[in-house]
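Structure first, commentary second.
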Amino acid sequence: MARDTCDGCGRAVSVAGGMANVWTFGKNDGSAGTAMTLEFDDGTDHLLCYPCLAALPDEPSVADVDRLESVDGETSRLREP
Ligand SMILES: [Zn+2]
């Protein structure tokens, strides 16, 4: 399956421009992707859905990613520590 999960909230996502889109290339099936990979200062990268990206602060850290949780299908938030 060409599916992945968000490293923050765990919801299923698809990634634009990734391997998953090879098979649908050229078709306008709306597969613009629902996530992107964010690279952090410590060299790690995390796949995050757009709601999680919106919930993160301007300069997110890996600790912030750990605190992400989904609220509903379209919203994420940072869990209070
Ligand atoms: Zn997420």
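The chains in the structure tokens are called A, B, ... from first to last as shown; in each chain the residues are counted from 1, and the ligands are counted from 1 in the order shown.
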
Near Cys49 (chain A), within 7 Å and counting only C-alpha atoms, which residues show up once chain neighbours fewer than 2 positions away are dropped, as a PDB file with C-alpha atoms, in the first residue's frame?
ATOM      1  CA  CYS A   6       2.091  11.000  10.276  1.00  0.00           C
ATOM      2  CA  VAL A  13      -1.299  10.419   4.966  1.00  0.00           C
ATOM      3  CA  THR A  34      -1.512  15.438   2.692  1.00  0.00           C
ATOM      4  CA  ALA A  35       1.880  15.502   4.338  1.00  0.00           C
ATOM      5  CA  MET A  36       5.461  16.588   3.931  1.00  0.00           C
ATOM      6  CA  LEU A  47       6.755  12.920   8.062  1.00  0.00           C
ATOM      7  CA  PRO A  51      -2.769  19.770  10.420  1.00  0.00           C
ATOM      8  CA  CYS A  52       0.299  18.879  12.481  1.00  0.00           C
ATOM      9  CA  LEU A  53       2.475  21.256  10.483  1.00  0.00           C
TER      10      LEU A  53
END

Check your understanding: Neighbours of Phe40 (chain A) within 8 Å (only C-alpha atoms; same-chain residues fewer than 3 positions away dropped), as a PyMOL selection string?
Key -> chain A and resi 43-45+60-62

Kindly save the residues from that selection, with N, CA and C atoms included, as a PDB file, in the first residue's frame.
ATOM      1  N   GLY A  43      19.311  16.491  12.478  1.00  0.00           N
ATOM      2  CA  GLY A  43      19.553  15.614  11.343  1.00  0.00           C
ATOM      3  C   GLY A  43      18.461  14.595  11.091  1.00  0.00           C
ATOM      4  N   THR A  44      17.495  14.512  11.970  1.00  0.00           N
ATOM      5  CA  THR A  44      16.397  13.582  11.750  1.00  0.00           C
ATOM      6  C   THR A  44      15.325  14.261  10.910  1.00  0.00           C
ATOM      7  N   ASP A  45      14.504  13.457  10.246  1.00  0.00           N
ATOM      8  CA  ASP A  45      13.362  14.041   9.564  1.00  0.00           C
ATOM      9  C   ASP A  45      12.104  13.266   9.918  1.00  0.00           C
ATOM     10  N   PRO A  60       9.993  24.446  15.119  1.00  0.00           N
ATOM     11  CA  PRO A  60       9.636  23.239  15.879  1.00  0.00           C
ATOM     12  C   PRO A  60      10.851  22.395  16.229  1.00  0.00           C
ATOM     13  N   SER A  61      10.751  21.662  17.311  1.00  0.00           N
ATOM     14  CA  SER A  61      11.787  20.723  17.712  1.00  0.00           C
ATOM     15  C   SER A  61      11.193  19.317  17.700  1.00  0.00           C
ATOM     16  N   VAL A  62      12.050  18.326  17.829  1.00  0.00           N
ATOM     17  CA  VAL A  62      11.573  16.948  17.858  1.00  0.00           C
ATOM     18  C   VAL A  62      10.636  16.748  19.045  1.00  0.00           C
TER      19      VAL A  62
END

**Study point:** Selection as a PyMOL selection string: residues within 12 Å of ligand 1 by only C-alpha atoms and all ligand atoms
**Key:** chain A and resi 4-14+34-38+46-56+64-78

Dump of C-alpha atoms for the selected residues, as a PDB file, in the first residue's frame:
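File produced: result31.pdb:
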ATOM      1  CA  ASP A   4       2.150   6.253   5.319  1.00  0.00           C
ATOM      2  CA  THR A   5       1.372   7.647   8.722  1.00  0.00           C
ATOM      3  CA  CYS A   6       2.091  11.000  10.276  1.00  0.00           C
ATOM      4  CA  ASP A   7       4.949  10.920  12.796  1.00  0.00           C
ATOM      5  CA  GLY A   8       3.058  13.358  14.965  1.00  0.00           C
ATOM      6  CA  CYS A   9      -0.527  12.196  15.296  1.00  0.00           C
ATOM      7  CA  GLY A  10      -0.371   8.859  13.485  1.00  0.00           C
ATOM      8  CA  ARG A  11      -3.119   9.558  10.961  1.00  0.00           C
ATOM      9  CA  ALA A  12      -2.779   8.041   7.519  1.00  0.00           C
ATOM     10  CA  VAL A  13      -1.299  10.419   4.966  1.00  0.00           C
ATOM     11  CA  SER A  14      -0.085  10.516   1.398  1.00  0.00           C
ATOM     12  CA  THR A  34      -1.512  15.438   2.692  1.00  0.00           C
ATOM     13  CA  ALA A  35       1.880  15.502   4.338  1.00  0.00           C
ATOM     14  CA  MET A  36       5.461  16.588   3.931  1.00  0.00           C
ATOM     15  CA  THR A  37       8.773  15.690   5.492  1.00  0.00           C
ATOM     16  CA  LEU A  38      10.237  18.154   7.942  1.00  0.00           C
ATOM     17  CA  HIS A  46       9.747  13.392  10.308  1.00  0.00           C
ATOM     18  CA  LEU A  47       6.755  12.920   8.062  1.00  0.00           C
ATOM     19  CA  LEU A  48       4.014  15.245   9.235  1.00  0.00           C
ATOM     20  CA  CYS A  49       0.478  15.853   8.027  1.00  0.00           C
ATOM     21  CA  TYR A  50      -0.651  19.380   7.268  1.00  0.00           C
ATOM     22  CA  PRO A  51      -2.769  19.770  10.420  1.00  0.00           C
ATOM     23  CA  CYS A  52       0.299  18.879  12.481  1.00  0.00           C
ATOM     24  CA  LEU A  53       2.475  21.256  10.483  1.00  0.00           C
ATOM     25  CA  ALA A  54      -0.055  23.991  11.196  1.00  0.00           C
ATOM     26  CA  ALA A  55      -0.021  23.187  14.907  1.00  0.00           C
ATOM     27  CA  LEU A  56       3.749  23.326  15.240  1.00  0.00           C
ATOM     28  CA  ASP A  64       7.182  19.283  19.707  1.00  0.00           C
ATOM     29  CA  VAL A  65       6.584  16.420  17.271  1.00  0.00           C
ATOM     30  CA  ASP A  66       6.301  14.035  20.206  1.00  0.00           C
ATOM     31  CA  ARG A  67       3.560  16.202  21.665  1.00  0.00           C
ATOM     32  CA  LEU A  68       1.412  16.289  18.528  1.00  0.00           C
ATOM     33  CA  GLU A  69      -1.959  14.599  18.648  1.00  0.00           C
ATOM     34  CA  SER A  70      -4.986  14.622  16.391  1.00  0.00           C
ATOM     35  CA  VAL A  71      -8.116  16.410  17.528  1.00  0.00           C
ATOM     36  CA  ASP A  72     -10.321  15.381  14.632  1.00  0.00           C
ATOM     37  CA  GLY A  73      -9.916  14.573  10.938  1.00  0.00           C
ATOM     38  CA  GLU A  74      -8.598  18.002  10.039  1.00  0.00           C
ATOM     39  CA  THR A  75      -7.083  19.392  13.217  1.00  0.00           C
ATOM     40  CA  SER A  76      -4.027  18.664  15.314  1.00  0.00           C
ATOM     41  CA  ARG A  77      -2.686  20.273  18.442  1.00  0.00           C
ATOM     42  CA  LEU A  78       0.245  20.159  20.814  1.00  0.00           C
TER      43      LEU A  78
END
